[in-house]
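Asks: Structure supplied as input.csv; contents: CSV, C-alpha atoms and all ligand atoms.
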```
chain,number,residue,atom,x,y,z
A,270,MET,CA,65.0,-12.1,89.4
A,271,VAL,CA,68.2,-13.0,87.7
A,272,LEU,CA,71.0,-10.5,87.9
A,273,LYS,CA,73.3,-10.5,85.0
A,274,ASP,CA,76.9,-9.7,85.3
A,275,PRO,CA,77.2,-6.3,83.4
A,276,THR,CA,80.8,-6.9,82.5
A,277,LEU,CA,79.8,-10.2,80.8
A,278,ALA,CA,77.1,-8.4,78.7
A,279,PHE,CA,79.6,-5.8,77.7
A,280,ALA,CA,82.1,-8.4,76.7
A,281,ASN,CA,79.6,-10.2,74.5
A,282,ALA,CA,78.6,-7.0,72.6
A,283,PRO,CA,81.5,-7.0,70.1
A,284,VAL,CA,81.1,-10.8,69.5
A,285,ASN,CA,77.4,-10.3,68.6
A,286,ASN,CA,78.3,-7.4,66.3
A,287,VAL,CA,81.0,-9.6,64.6
A,288,MET,CA,78.4,-12.4,64.2
A,289,ARG,CA,75.9,-10.0,62.7
A,290,LEU,CA,78.5,-8.8,60.2
A,291,ILE,CA,79.5,-12.4,59.3
A,292,ILE,CA,75.8,-13.3,58.7
A,293,LEU,CA,75.2,-10.1,56.6
A,294,PHE,CA,78.3,-10.7,54.5
A,295,SER,CA,77.4,-14.3,54.0
A,296,LEU,CA,73.9,-13.2,52.8
A,297,ILE,CA,75.3,-10.6,50.4
A,298,PHE,CA,77.8,-13.2,49.1
A,299,SER,CA,75.1,-15.8,48.6
A,300,VAL,CA,72.9,-13.4,46.7
A,301,VAL,CA,75.8,-12.2,44.5
A,302,LEU,CA,76.9,-15.8,43.9
A,303,LEU,CA,73.3,-16.9,43.0
A,304,PHE,CA,73.1,-14.0,40.5
A,305,TYR,CA,76.3,-14.9,38.8
A,306,LEU,CA,75.5,-18.6,38.9
A,307,ARG,CA,72.1,-18.0,37.2
A,308,LYS,CA,73.8,-15.8,34.6
A,309,TYR,CA,76.5,-18.4,34.0
A,310,VAL,CA,73.8,-21.2,33.6
A,311,ARG,CA,71.7,-19.1,31.2
A,312,ARG,CA,74.8,-18.2,29.1
A,313,ALA,CA,75.9,-21.8,29.0
A,314,ARG,CA,72.4,-22.8,27.9
A,315,ARG,CA,72.3,-20.2,25.2
A,316,GLU,CA,75.7,-21.2,23.9
A,317,LYS,CA,74.6,-24.8,23.7
A,318,LEU,CA,71.3,-23.9,21.9
A,319,PHE,CA,73.1,-21.6,19.5
A,320,LYS,CA,75.4,-24.4,18.4
A,321,MET,CA,72.6,-26.9,18.1
A,322,PRO,CA,71.3,-27.7,14.5
A,323,LEU,CA,67.7,-26.6,13.9
A,324,ASP,CA,65.2,-29.4,13.5
A,325,VAL,CA,64.6,-30.3,9.8
A,326,THR,CA,60.8,-29.8,10.1
A,327,ARG,CA,61.5,-26.3,11.4
A,328,ILE,CA,63.9,-25.6,8.4
A,329,ALA,CA,61.1,-26.8,6.1
A,330,ILE,CA,58.7,-24.2,7.8
A,331,LEU,CA,61.3,-21.5,7.2
A,332,GLN,CA,61.6,-22.5,3.6
A,333,LYS,CA,57.9,-22.5,3.0
A,334,TYR,CA,56.8,-19.4,4.9
A,335,VAL,CA,59.9,-17.1,5.5
A,336,THR,CA,60.8,-16.0,2.1
A,337,ILE,CA,63.8,-13.9,3.2
A,338,TYR,CA,65.3,-17.1,4.7
A,339,SER,CA,65.9,-18.6,1.3
A,340,LYS,CA,67.7,-15.5,0.2
A,341,LEU,CA,70.2,-15.6,3.1
A,342,PRO,CA,73.8,-16.7,2.5
A,343,ILE,CA,74.4,-20.1,4.0
A,344,THR,CA,76.5,-18.7,7.0
A,345,LEU,CA,73.7,-16.4,8.0
A,346,ARG,CA,71.1,-19.2,7.7
A,347,GLU,CA,73.2,-21.2,10.1
A,348,GLU,CA,73.5,-18.3,12.5
A,349,LEU,CA,69.7,-17.7,12.2
A,350,HIS,CA,69.1,-21.3,13.2
A,351,GLY,CA,71.0,-20.7,16.5
A,352,HIS,CA,69.0,-17.5,17.3
A,353,ILE,CA,65.8,-19.3,16.6
A,354,ASN,CA,66.7,-22.2,19.0
A,355,ILE,CA,67.3,-19.6,21.8
A,356,PHE,CA,64.2,-17.5,20.9
A,357,LEU,CA,61.9,-20.6,21.0
A,358,ASP,CA,63.5,-21.6,24.3
A,359,GLU,CA,63.0,-18.3,26.0
A,360,LYS,CA,59.8,-16.7,24.6
A,361,ARG,CA,56.4,-17.8,25.7
A,362,PHE,CA,53.6,-17.9,23.0
A,363,ILE,CA,50.0,-17.3,24.0
A,364,GLY,CA,47.1,-18.0,21.6
A,365,ASN,CA,44.2,-15.6,21.8
A,366,LEU,CA,40.6,-15.8,20.5
A,367,GLY,CA,40.9,-19.5,19.7
A,368,VAL,CA,44.4,-19.5,18.1
A,369,GLU,CA,45.9,-23.0,18.5
A,370,LEU,CA,49.6,-22.6,18.8
A,371,THR,CA,51.5,-24.7,16.3
A,372,ASP,CA,55.2,-25.0,15.6
A,373,GLU,CA,54.5,-23.3,12.3
A,374,ILE,CA,53.4,-20.1,14.1
A,375,ARG,CA,56.3,-20.2,16.5
A,376,VAL,CA,58.9,-20.8,13.9
A,377,VAL,CA,57.6,-18.2,11.4
A,378,VAL,CA,57.6,-15.5,14.2
A,379,ALA,CA,61.0,-16.6,15.4
A,380,GLY,CA,62.4,-16.8,11.9
A,381,ASN,CA,61.4,-13.2,11.1
A,382,ALA,CA,62.2,-11.7,14.5
A,383,CYS,CA,65.7,-13.3,14.6
A,384,LEU,CA,66.6,-11.7,11.2
A,385,LEU,CA,67.2,-8.5,13.4
A,386,LEU,CA,69.7,-10.3,15.5
A,387,LEU,CA,72.0,-11.6,12.7
A,388,GLN,CA,75.6,-10.4,13.0
A,389,GLY,CA,74.4,-8.3,16.0
A,390,ASN,CA,77.3,-9.0,18.3
A,391,LYS,CA,75.1,-10.9,20.8
A,392,ARG,CA,72.2,-8.6,20.4
A,393,ARG,CA,69.1,-10.1,22.0
A,394,PHE,CA,65.4,-9.3,22.7
A,395,THR,CA,65.5,-8.6,26.4
A,396,GLY,CA,63.0,-7.3,29.0
A,397,PHE,CA,59.9,-9.3,28.0
A,398,SER,CA,59.0,-12.9,27.3
A,399,SER,CA,55.4,-13.1,26.1
A,400,ILE,CA,54.2,-13.1,22.5
A,401,LEU,CA,50.4,-13.0,22.1
A,402,ILE,CA,48.9,-14.3,18.8
A,403,TYR,CA,45.5,-13.3,17.5
A,404,PRO,CA,44.0,-15.1,14.5
A,405,ASN,CA,43.5,-11.9,12.5
A,406,VAL,CA,43.6,-8.1,12.9
A,407,TYR,CA,42.2,-7.3,16.3
A,408,ILE,CA,40.6,-4.3,18.0
A,409,ALA,CA,42.6,-2.4,20.6
A,410,HIS,CA,41.4,0.5,22.7
A,411,GLU,CA,43.6,3.5,21.9
A,412,VAL,CA,43.7,6.2,24.6
A,413,GLN,CA,44.3,9.7,23.4
A,414,HIS,CA,45.1,12.7,25.6
A,415,ASN,CA,44.2,16.2,24.4
A,416,GLY,CA,44.9,18.7,27.2
A,417,LEU,CA,42.7,17.6,30.1
A,418,ILE,CA,40.5,15.5,27.9
A,419,THR,CA,41.2,11.8,27.6
A,420,THR,CA,39.3,9.8,24.9
A,421,GLU,CA,39.4,6.1,24.2
A,422,GLN,CA,38.5,4.8,20.8
A,423,PRO,CA,38.7,1.4,19.1
A,424,SER,CA,41.7,0.9,16.7
A,425,LEU,CA,42.2,-2.0,14.3
A,426,ARG,CA,45.7,-3.5,14.6
A,427,ALA,CA,47.9,-6.2,13.0
A,428,GLY,CA,50.4,-6.0,15.8
A,429,GLU,CA,51.8,-3.9,18.7
A,430,SER,CA,54.7,-3.9,21.0
A,431,TRP,CA,54.3,-2.9,24.6
A,432,VAL,CA,57.3,-1.2,26.3
A,433,ARG,CA,58.9,-3.8,28.6
A,434,GLY,CA,55.8,-5.9,27.9
A,435,PRO,CA,54.5,-8.4,25.4
A,436,VAL,CA,54.5,-8.3,21.6
A,437,VAL,CA,51.0,-8.8,20.1
A,438,LEU,CA,50.6,-10.1,16.5
A,439,SER,CA,47.9,-11.2,14.1
A,440,TRP,CA,48.7,-14.6,12.6
A,441,ALA,CA,47.1,-13.8,9.2
A,442,ASP,CA,49.4,-10.7,8.9
A,443,ILE,CA,52.5,-12.5,10.2
A,444,ARG,CA,52.0,-15.1,7.4
A,445,SER,CA,51.2,-12.7,4.6
A,446,GLY,CA,54.0,-10.4,5.6
A,447,SER,CA,56.5,-13.3,5.8
A,448,VAL,CA,55.6,-15.0,2.5
A,449,ASN,CA,55.7,-11.7,0.5
A,450,ALA,CA,59.2,-10.5,1.2
A,451,GLU,CA,59.2,-7.6,-1.3
A,452,ASP,CA,56.4,-5.3,-0.4
A,453,GLY,CA,58.0,-3.7,2.7
A,454,HIS,CA,55.3,-5.0,5.0
A,455,ASN,CA,56.4,-7.4,7.7
A,456,VAL,CA,54.6,-7.0,11.0
A,457,VAL,CA,57.1,-9.2,12.9
A,458,ILE,CA,60.1,-7.2,11.7
A,459,HIS,CA,58.1,-4.0,12.6
A,460,GLU,CA,57.2,-5.0,16.1
A,461,PHE,CA,60.6,-6.5,17.0
A,462,ALA,CA,62.3,-3.4,15.7
A,463,HIS,CA,60.3,-1.6,18.4
A,464,LYS,CA,61.7,-4.0,20.9
A,465,LEU,CA,65.3,-3.1,19.9
A,466,ASP,CA,64.3,0.6,19.9
A,467,GLU,CA,63.1,0.4,23.5
A,468,GLN,CA,66.4,-1.0,24.8
A,469,SER,CA,67.8,2.5,25.0
A,470,GLY,CA,65.2,3.2,27.7
A,471,HIS,CA,62.7,5.0,25.4
A,472,MET,CA,60.8,3.9,22.3
A,473,ASN,CA,61.8,6.9,20.3
A,474,GLY,CA,63.5,5.8,17.1
A,475,LEU,CA,66.9,5.8,18.7
A,476,PRO,CA,68.1,2.3,19.6
A,477,VAL,CA,71.4,1.5,21.3
A,478,LEU,CA,74.1,2.0,18.7
A,479,SER,CA,77.3,-0.1,18.7
A,480,ASN,CA,79.6,3.0,18.9
A,481,GLU,CA,79.2,6.3,20.7
A,482,SER,CA,80.5,8.1,17.6
A,483,HIS,CA,77.6,6.9,15.5
A,484,TYR,CA,74.8,8.8,17.4
A,485,LYS,CA,75.5,12.2,15.7
A,486,GLU,CA,75.2,10.9,12.2
A,487,TRP,CA,72.2,8.6,13.1
A,488,ASN,CA,70.2,11.6,14.6
A,489,LYS,CA,71.1,13.8,11.6
A,490,VAL,CA,70.2,11.2,8.9
A,491,LEU,CA,67.1,9.8,10.5
A,492,SER,CA,65.5,13.2,11.4
A,493,GLU,CA,66.2,14.4,7.8
A,494,GLU,CA,64.7,11.2,6.3
A,495,TYR,CA,61.7,11.5,8.7
A,496,ASP,CA,61.0,15.0,7.5
A,497,ALA,CA,61.5,14.0,3.9
A,498,LEU,CA,59.0,11.2,4.2
A,499,HIS,CA,56.4,13.7,5.5
A,500,LYS,CA,57.1,15.8,2.4
A,501,ARG,CA,56.9,12.9,0.0
A,502,ALA,CA,53.7,11.7,1.6
A,503,LYS,CA,52.2,15.1,1.2
A,504,ARG,CA,53.2,15.3,-2.5
A,505,GLY,CA,51.9,11.7,-3.1
A,506,LYS,CA,55.4,10.7,-4.3
A,507,ASN,CA,56.4,8.2,-1.7
A,508,LYS,CA,57.8,4.8,-2.8
A,509,VAL,CA,60.2,3.0,-0.5
A,510,LEU,CA,58.8,3.5,3.0
A,511,ASP,CA,55.3,3.0,4.4
A,512,GLU,CA,53.6,6.3,5.2
A,513,TYR,CA,52.8,5.0,8.6
A,514,GLY,CA,56.3,6.0,9.4
A,515,THR,CA,55.2,9.7,9.5
A,516,VAL,CA,53.3,8.9,12.8
A,517,SER,CA,56.5,9.3,15.0
A,518,PRO,CA,60.3,8.7,14.9
A,519,SER,CA,59.7,5.4,16.6
A,520,GLU,CA,57.3,4.2,13.8
A,521,PHE,CA,59.7,5.7,11.3
A,522,PHE,CA,62.5,3.4,12.5
A,523,ALA,CA,60.1,0.4,12.5
A,524,VAL,CA,58.9,0.9,8.9
A,525,ALA,CA,62.4,1.7,7.8
A,526,SER,CA,63.5,-1.6,9.2
A,527,GLU,CA,60.8,-3.4,7.3
A,528,SER,CA,61.9,-1.8,4.0
A,529,PHE,CA,65.6,-2.4,4.9
A,530,PHE,CA,65.0,-6.2,4.9
A,531,GLU,CA,62.3,-6.3,2.2
A,532,LYS,CA,63.1,-3.5,-0.3
A,533,PRO,CA,66.9,-3.1,0.2
A,534,VAL,CA,67.7,-2.5,-3.4
A,535,GLN,CA,65.1,0.3,-3.7
A,536,MET,CA,66.2,1.8,-0.4
A,537,GLU,CA,69.9,1.8,-1.3
A,538,LYS,CA,69.1,3.5,-4.6
A,539,ARG,CA,66.6,6.1,-3.4
A,540,LEU,CA,67.5,6.6,0.3
A,541,PRO,CA,71.2,5.7,0.4
A,542,GLU,CA,72.0,7.6,3.6
A,543,LEU,CA,69.2,5.9,5.5
A,544,TYR,CA,70.3,2.5,4.1
A,545,LYS,CA,73.9,3.2,5.2
A,546,GLN,CA,72.7,3.9,8.8
A,547,LEU,CA,70.6,0.8,9.0
A,548,GLN,CA,73.3,-1.3,7.4
A,549,ALA,CA,75.7,-0.1,10.2
A,550,PHE,CA,73.1,-0.6,12.9
A,551,TYR,CA,72.0,-4.1,11.8
A,552,ASN,CA,75.6,-4.9,10.7
A,553,ILE,CA,74.3,-6.7,7.6
A,554,ASP,CA,73.9,-5.9,3.9
A,555,PRO,CA,70.6,-7.2,2.5
A,556,VAL,CA,71.4,-5.8,-1.0
A,557,SER,CA,74.1,-8.4,-1.3
A,558,TRP,CA,71.5,-11.2,-0.9
A,559,HIS,CA,69.8,-10.2,-4.2
B,1,ZN,ZN,54.7,0.4,15.2
```
For this file, produce the structure as structure tokens.
Replies:
Amino acid sequence: MVLKDPTLAFANAPVNNVMRLIILFSLIFSVVLLFYLRKYVRRARREKLFKMPLDVTRIAILQKYVTIYSKLPITLREELHGHINIFLDEKRFIGNLGVELTDEIRVVVAGNACLLLLQGNKRRFTGFSSILIYPNVYIAHEVQHNGLITTEQPSLRAGESWVRGPVVLSWADIRSGSVNAEDGHNVVIHEFAHKLDEQSGHMNGLPVLSNESHYKEWNKVLSEEYDALHKRAKRGKNKVLDEYGTVSPSEFFAVASESFFEKPVQMEKRLPELYKQLQAFYNIDPVSWH
């Protein structure tokens, strides 16, 4: 049996505590350092990609399939190139049901989605990385809750956006929506508007606005316009917005975003208050591109 000197053990106790504290602080310091280092590296990479010119073959794809691209002033085109470089670097595309992913698919999706980032004061699509591409419209199983009864039924879709999850898109609809830039239908703009919407924590038609003072006016105008769309749809006199916007405030914001980019002149003329709110949110003026 080894007898320890109790005075020695007692004398070592504070030293051990000090050591533990040093190790704990070193660990915390390393984690914090690693966090900021990763952030710094990502930011530096983004800045580099943003300044890089877009490949000429990719510019040709934009010119061929993204009709809005050709309407943009040259400065916005250049800004869009930078956003596309970052988008293609950070998002992961997955082909479903036999879709072979091509640069054409990637660039057409990126070109339309990044329109929502123009002049956006470093606005980005955060919280998800995957984009699933189907060849055509696809069947999703929609779950509906009615009291205690839950039903599941098949629903045909051209796209969907999962909260903090992937964006799902049909290539046939991406292409037709992108080529025709005046019908107010653009599934990429629609689904990525949902992605901006959810950044407030809820997908409810209220994205994060640039200024605290804008919320009151936004809520007033968008809820009035949402009610007005219901009324126009009932009377059969709706023109600018897709009636799918009557489904919920979140769908209203997404279809309003589609029309803002594709039917800006009609929107400004018939729904000027809504146009003004979206113009302030997106910080661009598509009417001036016409
Ligand atoms: Zn939607």
Asks: Do you know which residues are within 9 Å of ligand ZN 1 (chain B) using only C-alpha atoms and all ligand atoms? Can you write them as a list in words?
Replies: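 If we count only C-alpha atoms and all ligand atoms, the neighbours of ligand ZN 1 (chain B) turn out to be Gly428, Glu429, Ser430, Val456, His459, Glu460, Ala462, His463, Tyr513, Gly514, Val516, Ser519, Glu520, Phe521, Phe522, Ala523 and Val524 of chain A.
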Asks: I need the chosen residues saved as a PDB file, in the frame of the given file, with C-alpha atoms.
Replies:
```pdb
ATOM      1  CA  GLY A 428      50.400  -6.000  15.800  1.00  0.00           C
ATOM      2  CA  GLU A 429      51.800  -3.900  18.700  1.00  0.00           C
ATOM      3  CA  SER A 430      54.700  -3.900  21.000  1.00  0.00           C
ATOM      4  CA  VAL A 456      54.600  -7.000  11.000  1.00  0.00           C
ATOM      5  CA  HIS A 459      58.100  -4.000  12.600  1.00  0.00           C
ATOM      6  CA  GLU A 460      57.200  -5.000  16.100  1.00  0.00           C
ATOM      7  CA  ALA A 462      62.300  -3.400  15.700  1.00  0.00           C
ATOM      8  CA  HIS A 463      60.300  -1.600  18.400  1.00  0.00           C
ATOM      9  CA  TYR A 513      52.800   5.000   8.600  1.00  0.00           C
ATOM     10  CA  GLY A 514      56.300   6.000   9.400  1.00  0.00           C
ATOM     11  CA  VAL A 516      53.300   8.900  12.800  1.00  0.00           C
ATOM     12  CA  SER A 519      59.700   5.400  16.600  1.00  0.00           C
ATOM     13  CA  GLU A 520      57.300   4.200  13.800  1.00  0.00           C
ATOM     14  CA  PHE A 521      59.700   5.700  11.300  1.00  0.00           C
ATOM     15  CA  PHE A 522      62.500   3.400  12.500  1.00  0.00           C
ATOM     16  CA  ALA A 523      60.100   0.400  12.500  1.00  0.00           C
ATOM     17  CA  VAL A 524      58.900   0.900   8.900  1.00  0.00           C
TER      18      VAL A 524
END
```
Asks: Find the distance between atom CA of Val457 of chain A and atom CA of Ala329 of chain A and write it in Å to one decimal.
Replies: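 Interatomic distance here is 19.3 Å.
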Asks: So how far away is atom CA of Pro533 of chain A from atom CA of Asp452 of chain A, in Å?
Replies: 10.7 Å
Asks: Write out as a VMD selection string each polymer residue whose atoms come within 9 Å of Leu465 of chain A, counting all atoms listed in the file; drop sequence neighbours fewer than 6 positions from it.
Replies: chain A and resid 385 392 to 395 472 476 to 477
Asks: Using only C-alpha atoms, which protein or nucleic acid residues come within 9 Å of Val509 of chain A? Drop anything in the same chain fewer than 2 positions from it, and give the result as number ranges by chain.
Replies: A: 453, 507, 511, 525, 528, 532, 535-536, 539-540
Asks: Taking all atoms listed in the file into account, which of A:Ser295, A:Asn405, A:Gln332, A:Asn354 comes nearest Lys320 of chain A?
Replies: A:Asn354
Asks: Please give the centre and size of the box around segment 312-316 of chain A (axis-aligned, containing every atom listed in the file, 4 Å added per side), with values in Å to one decimal and written as lines of an AutoDock Vina configuration file.
Replies:
```
center_x = 74.1
center_y = -20.5
center_z = 26.5
size_x = 11.6
size_y = 12.6
size_z = 13.2
```
Asks: With distances taken over only C-alpha atoms, which of A:Asn365, A:Gln388, A:Ser492, A:Thr371 is nearest to Val406 of chain A?
Replies: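 Using only C-alpha atoms, Val406 of chain A sits closest to A:Asn365.
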Asks: Which residue, A:Tyr403, A:Tyr338, A:Trp431, A:Phe319, has the smallest gap to Phe362 of chain A when you use all atoms listed in the file?
Replies: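 For Phe362 of chain A, the nearest of the given residues is A:Tyr403.
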